[in-house]
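S.K.: My file is my_file-v2.cif. It has mmCIF, C-alpha atoms, pLDDT in the B column; chains and numbers go by the auth columns:
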data_start
loop_
_atom_site.group_PDB
_atom_site.id
_atom_site.type_symbol
_atom_site.label_atom_id
_atom_site.label_comp_id
_atom_site.label_asym_id
_atom_site.label_seq_id
_atom_site.Cartn_x
_atom_site.Cartn_y
_atom_site.Cartn_z
_atom_site.B_iso_or_equiv
_atom_site.auth_seq_id
_atom_site.auth_asym_id
ATOM 1 C CA MET A 1 146.235 74.380 56.041 49.00 11 A
ATOM 2 C CA ARG A 2 149.770 74.094 57.428 48.00 12 A
ATOM 3 C CA ALA A 3 149.360 70.307 57.858 45.00 13 A
ATOM 4 C CA GLY A 4 148.339 70.077 54.185 43.00 14 A
ATOM 5 C CA ARG A 5 151.497 71.911 53.075 40.00 15 A
ATOM 6 C CA ILE A 6 153.641 69.662 55.242 36.00 16 A
ATOM 7 C CA ALA A 7 151.975 66.573 53.749 33.00 17 A
ATOM 8 C CA VAL A 8 152.535 67.846 50.188 33.00 18 A
ATOM 9 C CA LEU A 9 156.156 68.701 51.006 30.00 19 A
ATOM 10 C CA SER A 10 156.694 65.268 52.556 31.00 20 A
ATOM 11 C CA ILE A 11 155.259 63.518 49.501 32.00 21 A
ATOM 12 C CA ALA A 12 157.426 65.654 47.200 32.00 22 A
ATOM 13 C CA LEU A 13 160.545 64.784 49.203 32.00 23 A
ATOM 14 C CA LEU A 14 159.711 61.064 49.081 34.00 24 A
ATOM 15 C CA ILE A 15 159.206 61.206 45.316 34.00 25 A
ATOM 16 C CA ALA A 16 162.472 63.129 44.868 37.00 26 A
ATOM 17 C CA ALA A 17 164.338 60.581 46.994 38.00 27 A
ATOM 18 C CA ALA A 18 162.910 57.715 44.948 38.00 28 A
ATOM 19 C CA VAL A 19 163.861 59.385 41.659 42.00 29 A
ATOM 20 C CA ALA A 20 167.380 60.259 42.857 51.00 30 A
ATOM 21 C CA ALA A 21 168.198 56.848 44.301 71.00 31 A
ATOM 22 C CA ALA A 22 171.172 54.936 42.968 89.00 32 A
ATOM 23 C CA THR A 23 170.325 52.007 40.732 92.00 33 A
ATOM 24 C CA LEU A 24 172.300 48.823 40.257 90.00 34 A
ATOM 25 C CA GLU A 25 171.056 48.026 36.761 93.00 35 A
ATOM 26 C CA THR A 26 172.824 44.753 35.943 91.00 36 A
ATOM 27 C CA VAL A 27 175.279 42.287 37.433 87.00 37 A
ATOM 28 C CA VAL A 28 176.601 39.503 35.204 87.00 38 A
ATOM 29 C CA VAL A 29 179.031 36.894 36.507 84.00 39 A
ATOM 30 C CA THR A 30 180.691 34.249 34.361 84.00 40 A
ATOM 31 C CA HIS A 31 183.189 31.539 35.247 84.00 41 A
ATOM 32 C CA ASP A 32 185.608 29.855 32.898 86.00 42 A
ATOM 33 C CA ASP A 33 188.605 27.684 33.763 85.00 43 A
ATOM 34 C CA GLY A 34 189.008 29.053 37.298 84.00 44 A
ATOM 35 C CA ARG A 35 188.613 32.727 36.353 90.00 45 A
ATOM 36 C CA TYR A 36 185.578 34.781 37.330 88.00 46 A
ATOM 37 C CA LYS A 37 184.433 37.764 35.302 91.00 47 A
ATOM 38 C CA LEU A 38 181.934 40.271 36.575 90.00 48 A
ATOM 39 C CA THR A 39 180.394 43.229 34.805 93.00 49 A
ATOM 40 C CA ALA A 40 178.040 45.565 36.628 93.00 50 A
ATOM 41 C CA ARG A 41 176.233 48.679 35.443 96.00 51 A
ATOM 42 C CA ALA A 42 174.855 51.295 37.787 96.00 52 A
ATOM 43 C CA TYR A 43 173.493 54.815 37.737 97.00 53 A
ATOM 44 C CA MET A 44 174.169 57.312 40.521 97.00 54 A
ATOM 45 C CA GLN A 45 172.659 60.723 41.018 96.00 55 A
ATOM 46 C CA ALA A 46 176.034 62.303 41.809 97.00 56 A
ATOM 47 C CA PRO A 47 178.814 63.956 39.797 97.00 57 A
ATOM 48 C CA ARG A 48 181.500 61.645 38.480 97.00 58 A
ATOM 49 C CA GLU A 49 184.237 63.819 39.966 97.00 59 A
ATOM 50 C CA ALA A 50 182.943 63.099 43.479 97.00 60 A
ATOM 51 C CA ILE A 51 182.384 59.393 42.723 98.00 61 A
ATOM 52 C CA PHE A 52 185.959 59.194 41.423 98.00 62 A
ATOM 53 C CA VAL A 53 187.293 60.660 44.690 98.00 63 A
ATOM 54 C CA ILE A 54 185.269 58.157 46.775 97.00 64 A
ATOM 55 C CA LEU A 55 186.408 55.148 44.699 97.00 65 A
ATOM 56 C CA THR A 56 190.093 56.104 44.858 98.00 66 A
ATOM 57 C CA ASP A 57 190.127 56.909 48.592 97.00 67 A
ATOM 58 C CA TYR A 58 191.635 53.648 49.855 97.00 68 A
ATOM 59 C CA ASP A 59 192.311 55.214 53.265 96.00 69 A
ATOM 60 C CA HIS A 60 188.526 55.180 53.850 96.00 70 A
ATOM 61 C CA MET A 61 187.442 52.082 51.890 94.00 71 A
ATOM 62 C CA GLY A 62 185.601 50.730 54.949 93.00 72 A
ATOM 63 C CA ARG A 63 182.857 53.309 54.329 94.00 73 A
ATOM 64 C CA LEU A 64 181.806 51.344 51.246 92.00 74 A
ATOM 65 C CA SER A 65 181.309 47.943 52.870 89.00 75 A
ATOM 66 C CA SER A 66 181.694 46.325 56.266 87.00 76 A
ATOM 67 C CA THR A 67 183.518 43.431 54.581 88.00 77 A
ATOM 68 C CA TYR A 68 186.620 45.651 54.294 92.00 78 A
ATOM 69 C CA LYS A 69 188.612 45.046 57.481 95.00 79 A
ATOM 70 C CA GLU A 70 191.939 46.592 56.444 97.00 80 A
ATOM 71 C CA TYR A 71 192.706 48.928 53.553 97.00 81 A
ATOM 72 C CA GLY A 72 194.946 51.736 52.462 98.00 82 A
ATOM 73 C CA PHE A 73 197.916 52.848 50.427 98.00 83 A
ATOM 74 C CA LEU A 74 201.267 51.094 50.538 98.00 84 A
ATOM 75 C CA GLU A 75 204.615 52.429 49.339 98.00 85 A
ATOM 76 C CA PRO A 76 204.239 53.436 45.652 98.00 86 A
ATOM 77 C CA ALA A 77 205.834 51.276 42.950 98.00 87 A
ATOM 78 C CA PRO A 78 209.296 52.359 41.715 97.00 88 A
ATOM 79 C CA ASP A 79 207.574 53.990 38.712 97.00 89 A
ATOM 80 C CA GLY A 80 205.402 56.088 41.067 97.00 90 A
ATOM 81 C CA VAL A 81 202.146 54.187 40.536 98.00 91 A
ATOM 82 C CA PRO A 82 200.122 53.961 43.777 98.00 92 A
ATOM 83 C CA ILE A 83 199.931 50.524 45.415 98.00 93 A
ATOM 84 C CA VAL A 84 196.723 49.829 47.327 98.00 94 A
ATOM 85 C CA PHE A 85 195.609 46.963 49.519 97.00 95 A
ATOM 86 C CA THR A 86 192.384 45.608 50.928 97.00 96 A
ATOM 87 C CA ARG A 87 191.650 42.763 53.288 96.00 97 A
ATOM 88 C CA MET A 88 188.072 41.574 53.249 93.00 98 A
ATOM 89 C CA GLU A 89 186.326 39.032 55.431 89.00 99 A
ATOM 90 C CA GLY A 90 183.115 37.239 54.702 78.00 100 A
ATOM 91 C CA CYS A 91 181.190 34.008 54.661 75.00 101 A
ATOM 92 C CA VAL A 92 178.984 32.529 52.003 64.00 102 A
ATOM 93 C CA LEU A 93 177.153 29.444 53.222 67.00 103 A
ATOM 94 C CA PHE A 94 179.857 27.303 54.853 70.00 104 A
ATOM 95 C CA PHE A 95 182.720 29.008 53.039 69.00 105 A
ATOM 96 C CA CYS A 96 184.477 31.726 55.130 80.00 106 A
ATOM 97 C CA ARG A 97 187.643 33.538 54.092 84.00 107 A
ATOM 98 C CA SER A 98 189.851 36.500 54.747 92.00 108 A
ATOM 99 C CA LEU A 99 190.995 37.784 51.356 92.00 109 A
ATOM 100 C CA ARG A 100 193.938 40.081 50.707 96.00 110 A
ATOM 101 C CA ARG A 101 194.422 42.001 47.481 97.00 111 A
ATOM 102 C CA VAL A 102 197.443 44.171 46.733 98.00 112 A
ATOM 103 C CA GLU A 103 197.140 46.104 43.482 98.00 113 A
ATOM 104 C CA ARG A 104 198.617 48.809 41.304 98.00 114 A
ATOM 105 C CA MET A 105 196.079 51.619 40.886 98.00 115 A
ATOM 106 C CA GLU A 106 196.110 53.557 37.631 98.00 116 A
ATOM 107 C CA ALA A 107 193.613 56.382 37.362 97.00 117 A
ATOM 108 C CA ARG A 108 192.650 59.087 34.903 98.00 118 A
ATOM 109 C CA ALA A 109 190.430 61.594 36.675 97.00 119 A
ATOM 110 C CA PRO A 110 187.543 61.870 36.602 97.00 120 A
ATOM 111 C CA GLY A 111 186.409 58.967 34.460 98.00 121 A
ATOM 112 C CA PHE A 112 188.610 55.872 34.674 98.00 122 A
ATOM 113 C CA ILE A 113 190.165 53.701 37.401 98.00 123 A
ATOM 114 C CA ARG A 114 192.080 50.446 36.885 98.00 124 A
ATOM 115 C CA THR A 115 193.656 48.169 39.465 98.00 125 A
ATOM 116 C CA VAL A 116 195.934 45.275 38.547 98.00 126 A
ATOM 117 C CA GLY A 117 196.720 42.663 41.177 98.00 127 A
ATOM 118 C CA LEU A 118 200.143 41.786 42.455 98.00 128 A
ATOM 119 C CA PRO A 119 199.695 38.025 42.932 98.00 129 A
ATOM 120 C CA GLU A 120 202.827 37.575 45.035 98.00 130 A
ATOM 121 C CA HIS A 121 201.168 39.713 47.750 97.00 131 A
ATOM 122 C CA SER A 122 197.541 38.638 47.246 97.00 132 A
ATOM 123 C CA ASP A 123 195.181 35.705 47.706 95.00 133 A
ATOM 124 C CA PHE A 124 194.502 35.817 43.950 95.00 134 A
ATOM 125 C CA ARG A 125 196.534 34.521 41.032 97.00 135 A
ATOM 126 C CA TYR A 126 195.073 37.303 38.906 97.00 136 A
ATOM 127 C CA THR A 127 192.900 40.387 39.439 97.00 137 A
ATOM 128 C CA LEU A 128 191.970 43.252 37.185 98.00 138 A
ATOM 129 C CA SER A 129 189.265 45.795 37.954 97.00 139 A
ATOM 130 C CA GLU A 130 188.135 48.747 35.869 98.00 140 A
ATOM 131 C CA TRP A 131 185.654 51.527 36.567 98.00 141 A
ATOM 132 C CA TRP A 132 184.300 53.755 33.795 98.00 142 A
ATOM 133 C CA LEU A 133 182.398 56.850 34.962 98.00 143 A
ATOM 134 C CA GLU A 134 180.382 58.762 32.351 98.00 144 A
ATOM 135 C CA PRO A 135 178.157 61.805 32.933 97.00 145 A
ATOM 136 C CA ASP A 136 174.515 60.984 32.220 95.00 146 A
ATOM 137 C CA ALA A 137 171.323 63.000 32.790 90.00 147 A
ATOM 138 C CA GLY A 138 172.660 65.011 35.718 90.00 148 A
ATOM 139 C CA GLY A 139 174.268 61.962 37.326 96.00 149 A
ATOM 140 C CA THR A 140 176.812 59.311 36.413 98.00 150 A
ATOM 141 C CA GLN A 141 176.565 56.048 34.522 98.00 151 A
ATOM 142 C CA ILE A 142 179.049 53.523 35.915 98.00 152 A
ATOM 143 C CA VAL A 143 180.420 50.361 34.358 98.00 153 A
ATOM 144 C CA TYR A 144 182.495 48.138 36.643 96.00 154 A
ATOM 145 C CA HIS A 145 184.433 45.170 35.312 96.00 155 A
ATOM 146 C CA LEU A 146 186.289 42.682 37.502 94.00 156 A
ATOM 147 C CA GLU A 147 188.304 39.630 36.523 95.00 157 A
ATOM 148 C CA MET A 148 189.743 37.451 39.248 93.00 158 A
ATOM 149 C CA GLU A 149 191.311 34.075 39.633 93.00 159 A
ATOM 150 C CA PRO A 150 191.408 33.020 43.292 91.00 160 A
ATOM 151 C CA ASP A 151 194.492 31.301 44.667 91.00 161 A
ATOM 152 C CA PHE A 152 192.231 29.167 46.882 83.00 162 A
ATOM 153 C CA TRP A 153 189.519 26.594 46.346 79.00 163 A
ATOM 154 C CA VAL A 154 186.025 27.809 45.407 74.00 164 A
ATOM 155 C CA PRO A 155 183.159 25.294 45.070 72.00 165 A
ATOM 156 C CA PRO A 156 182.967 24.927 41.257 69.00 166 A
ATOM 157 C CA LEU A 157 179.261 24.169 40.888 71.00 167 A
ATOM 158 C CA ILE A 158 177.931 26.901 43.139 70.00 168 A
ATOM 159 C CA GLY A 159 180.784 29.443 43.100 70.00 169 A
ATOM 160 C CA PRO A 160 179.507 31.667 40.236 69.00 170 A
ATOM 161 C CA TRP A 161 175.915 31.508 41.505 74.00 171 A
ATOM 162 C CA ILE A 162 176.929 32.468 45.063 74.00 172 A
ATOM 163 C CA LEU A 163 179.227 35.227 43.822 70.00 173 A
ATOM 164 C CA GLU A 164 176.493 36.728 41.650 69.00 174 A
ATOM 165 C CA ARG A 165 173.901 36.669 44.468 73.00 175 A
ATOM 166 C CA ARG A 166 176.371 38.121 46.966 73.00 176 A
ATOM 167 C CA LEU A 167 177.421 40.894 44.600 70.00 177 A
ATOM 168 C CA GLN A 168 173.841 41.780 43.722 68.00 178 A
ATOM 169 C CA ARG A 169 172.898 42.110 47.390 74.00 179 A
ATOM 170 C CA GLY A 170 176.099 43.730 48.599 77.00 180 A
ATOM 171 C CA GLY A 171 176.583 45.657 45.372 80.00 181 A
ATOM 172 C CA ALA A 172 173.230 47.422 45.645 83.00 182 A
ATOM 173 C CA ALA A 173 174.062 48.552 49.188 87.00 183 A
ATOM 174 C CA ALA A 174 177.565 49.655 48.135 89.00 184 A
ATOM 175 C CA VAL A 175 176.146 51.623 45.192 92.00 185 A
ATOM 176 C CA ASP A 176 173.800 53.436 47.598 94.00 186 A
ATOM 177 C CA ARG A 177 176.693 54.217 49.971 94.00 187 A
ATOM 178 C CA ILE A 178 178.959 55.453 47.175 96.00 188 A
ATOM 179 C CA GLU A 179 176.180 57.688 45.871 97.00 189 A
ATOM 180 C CA ARG A 180 175.459 59.120 49.344 96.00 190 A
ATOM 181 C CA LEU A 181 179.153 59.783 50.038 97.00 191 A
ATOM 182 C CA ALA A 182 179.622 61.377 46.606 97.00 192 A
ATOM 183 C CA GLN A 183 176.557 63.591 47.125 96.00 193 A
ATOM 184 C CA GLU A 184 177.900 64.678 50.521 95.00 194 A
ATOM 185 C CA LEU A 185 181.301 65.394 48.990 95.00 195 A
ATOM 186 C CA ALA A 186 179.759 67.330 46.089 94.00 196 A
ATOM 187 C CA SER A 187 177.606 69.287 48.543 91.00 197 A
ATOM 188 C CA GLY A 188 180.773 70.195 50.454 85.00 198 A
ATOM 189 C CA TYR A 189 182.341 71.404 47.199 63.00 199 A
ATOM 190 C CA ALA A 190 179.256 73.510 46.482 55.00 200 A
ATOM 191 C CA HIS A 191 179.358 75.092 49.949 52.00 201 A
ATOM 192 C CA ALA A 192 183.090 75.794 49.677 53.00 202 A
ATOM 193 C CA ALA A 193 182.771 77.520 46.282 51.00 203 A
ATOM 194 C CA PRO A 194 182.899 81.356 46.361 49.00 204 A
#
Translate the structure described by the file into structure tokens.

M.R.:
Amino acid sequence: MRAGRIAVLSIALLIAAAVAAATLETVVVTHDDGRYKLTARAYMQAPREAIFVILTDYDHMGRLSSTYKEYGFLEPAPDGVPIVFTRMEGCVLFFCRSLRRVERMEARAPGFIRTVGLPEHSDFRYTLSEWWLEPDAGGTQIVYHLEMEPDFWVPPLIGPWILERRLQRGGAAAVDRIERLAQELASGYAHAAP
């Protein structure tokens, strides 16, 4: 009898985990005149407040992906806006790079984050990223938009295709990590509440 209850409980936990899993719904990459545009939609079973904290925590960006080798906050801009940086490393086919981005981060908690690149300190002529976080069915619907114009050569015929494949693979794993970290953070909030 006890084994039967354990089996039922195990099945219930597996079903709950499958239902609560983060979902990368779409990734669309376009390329026009040297500029890449990416739009991704995802759903996470976590509160947007916790997701917002994870996405704006540049001191711990390495938790999101192993491609982040250096990251953090720099001295704020004269107007007080936070300046963030990341250095990523990765290879796609024969093309390996270390990429540095330095950006102004503008945020309106808990639903909007924008970074705008500072090209004089980056490996990109132009970058803009935006995150929209909207509550949805007990979780959060996320729209991520990225525009970038690299300041280095990218193979023109296969660049968009490689970028889309890489982001779909790496993006799904990152979405899972963000969701897990946000759930852990939210759980900590729940335990700390009186």

S.K.: Got a sec: who's within 9 Å of region 73-83 of chain A, counting all atoms listed in the file, leaving out chain neighbours fewer than 3 positions off, as an mmCIF file with C-alpha atoms, in the coordinates of the input?

M.R.:
data_model
loop_
_atom_site.group_PDB
_atom_site.id
_atom_site.type_symbol
_atom_site.label_atom_id
_atom_site.label_comp_id
_atom_site.auth_asym_id
_atom_site.auth_seq_id
_atom_site.Cartn_x
_atom_site.Cartn_y
_atom_site.Cartn_z
ATOM 1 C CA ILE A 64 185.269 58.157 46.775
ATOM 2 C CA LEU A 65 186.408 55.148 44.699
ATOM 3 C CA ASP A 67 190.127 56.909 48.592
ATOM 4 C CA TYR A 68 191.635 53.648 49.855
ATOM 5 C CA ASP A 69 192.311 55.214 53.265
ATOM 6 C CA HIS A 70 188.526 55.180 53.850
ATOM 7 C CA PRO A 86 204.239 53.436 45.652
ATOM 8 C CA PRO A 92 200.122 53.961 43.777
ATOM 9 C CA ILE A 93 199.931 50.524 45.415
ATOM 10 C CA VAL A 94 196.723 49.829 47.327
ATOM 11 C CA PHE A 95 195.609 46.963 49.519
ATOM 12 C CA THR A 96 192.384 45.608 50.928
ATOM 13 C CA ARG A 97 191.650 42.763 53.288
ATOM 14 C CA MET A 98 188.072 41.574 53.249
ATOM 15 C CA GLU A 99 186.326 39.032 55.431
ATOM 16 C CA GLY A 100 183.115 37.239 54.702
ATOM 17 C CA ARG A 110 193.938 40.081 50.707
ATOM 18 C CA GLY A 180 176.099 43.730 48.599
ATOM 19 C CA ALA A 183 174.062 48.552 49.188
ATOM 20 C CA ALA A 184 177.565 49.655 48.135
ATOM 21 C CA VAL A 185 176.146 51.623 45.192
ATOM 22 C CA ARG A 187 176.693 54.217 49.971
ATOM 23 C CA ILE A 188 178.959 55.453 47.175
ATOM 24 C CA LEU A 191 179.153 59.783 50.038
#

S.K.: What is the CA of Phe134 (chain A) to CA of Val112 (chain A) distance in Å?

M.R.: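 Separation between CA of Phe134 (chain A) and CA of Val112 (chain A): 9.3 Å.
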
S.K.: Of the candidates A:Trp163, A:Trp171, A:Phe62, A:Phe104, which shows the shortest atom-to-atom distance to Trp141 (chain A), using all atoms listed in the file?

M.R.: A:Phe62

S.K.: Can you pull out every residue within 8 Å of Ile152 (chain A), counting all atoms listed in the file, but drop anything in the same chain fewer than 3 positions away, and send it as number ranges by chain?

M.R.: A: 51-54, 141-144

S.K.: So how many Å separate CA of Phe122 (chain A) and CA of Glu140 (chain A), to one decimal?

M.R.: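 According to the coordinates, CA of Phe122 (chain A) and CA of Glu140 (chain A) are separated by 7.2 Å.
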
S.K.: Mind telling me what the PyMOL selection byres ((chain A and resi 117) around 10) catches here, as a list of chain:residue names?

M.R.: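 In the shown coordinates, the PyMOL selection byres ((chain A and resi 117) around 10) covers A:Phe62, A:Thr66, A:Val91, A:Pro92, A:Arg114, A:Met115, A:Glu116, A:Arg118, A:Ala119, A:Pro120, A:Gly121, A:Phe122, A:Ile123, A:Arg124, A:Thr125, A:Glu140, A:Trp141.
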
S.K.: Out of A:Arg190, A:Arg107, A:Arg179, A:Arg45, which residue has the shortest atom-to-atom distance to Pro57 (chain A) when counting all atoms listed in the file?

M.R.: A:Arg190

S.K.: How about completing region 115-138 of chain A with N, CA and C atoms and giving it to me as a compact mmCIF listing (two decimals), in the coordinates of the input?

M.R.:
# COMPACT_ATOMS: atom_id res chain seq x y z
N MET A 115 197.26 50.84 41.25
CA MET A 115 196.08 51.62 40.89
C MET A 115 196.47 52.70 39.88
N GLU A 116 195.91 52.57 38.69
CA GLU A 116 196.11 53.56 37.63
C GLU A 116 194.79 54.29 37.46
N ALA A 117 194.84 55.61 37.45
CA ALA A 117 193.61 56.38 37.36
C ALA A 117 193.79 57.58 36.44
N ARG A 118 192.73 57.88 35.71
CA ARG A 118 192.65 59.09 34.90
C ARG A 118 191.38 59.82 35.33
N ALA A 119 191.57 60.84 36.16
CA ALA A 119 190.43 61.59 36.67
C ALA A 119 189.74 62.33 35.53
N PRO A 120 188.44 62.44 35.60
CA PRO A 120 187.54 61.87 36.60
C PRO A 120 186.79 60.64 36.12
N GLY A 121 187.28 59.97 35.05
CA GLY A 121 186.41 58.97 34.46
C GLY A 121 186.89 57.54 34.38
N PHE A 122 188.13 57.23 34.84
CA PHE A 122 188.61 55.87 34.67
C PHE A 122 189.53 55.48 35.82
N ILE A 123 189.32 54.27 36.34
CA ILE A 123 190.16 53.70 37.40
C ILE A 123 190.44 52.25 37.03
N ARG A 124 191.70 51.85 37.13
CA ARG A 124 192.08 50.45 36.88
C ARG A 124 192.99 50.00 38.02
N THR A 125 192.72 48.79 38.53
CA THR A 125 193.66 48.17 39.47
C THR A 125 194.08 46.83 38.87
N VAL A 126 195.36 46.53 39.03
CA VAL A 126 195.93 45.28 38.55
C VAL A 126 196.61 44.61 39.73
N GLY A 127 196.22 43.37 40.00
CA GLY A 127 196.72 42.66 41.18
C GLY A 127 198.19 42.30 41.11
N LEU A 128 198.78 42.27 42.29
CA LEU A 128 200.14 41.79 42.46
C LEU A 128 200.02 40.44 43.15
N PRO A 129 200.01 39.34 42.38
CA PRO A 129 199.70 38.02 42.93
C PRO A 129 200.64 37.57 44.04
N GLU A 130 201.88 38.01 44.00
CA GLU A 130 202.83 37.58 45.04
C GLU A 130 202.48 38.12 46.42
N HIS A 131 201.58 39.12 46.47
CA HIS A 131 201.17 39.71 47.75
C HIS A 131 199.67 39.54 48.01
N SER A 132 199.00 38.74 47.20
CA SER A 132 197.54 38.64 47.25
C SER A 132 197.08 37.19 47.38
N ASP A 133 195.81 37.03 47.68
CA ASP A 133 195.18 35.70 47.71
C ASP A 133 194.55 35.36 46.35
N PHE A 134 195.03 36.01 45.30
CA PHE A 134 194.50 35.82 43.95
C PHE A 134 195.67 35.64 42.98
N ARG A 135 195.53 34.69 42.08
CA ARG A 135 196.53 34.52 41.03
C ARG A 135 196.48 35.67 40.04
N TYR A 136 195.27 36.23 39.88
CA TYR A 136 195.07 37.30 38.91
C TYR A 136 193.88 38.15 39.34
N THR A 137 194.04 39.47 39.28
CA THR A 137 192.90 40.39 39.44
C THR A 137 193.11 41.59 38.53
N LEU A 138 192.03 42.02 37.97
CA LEU A 138 191.97 43.25 37.18
C LEU A 138 190.60 43.85 37.43
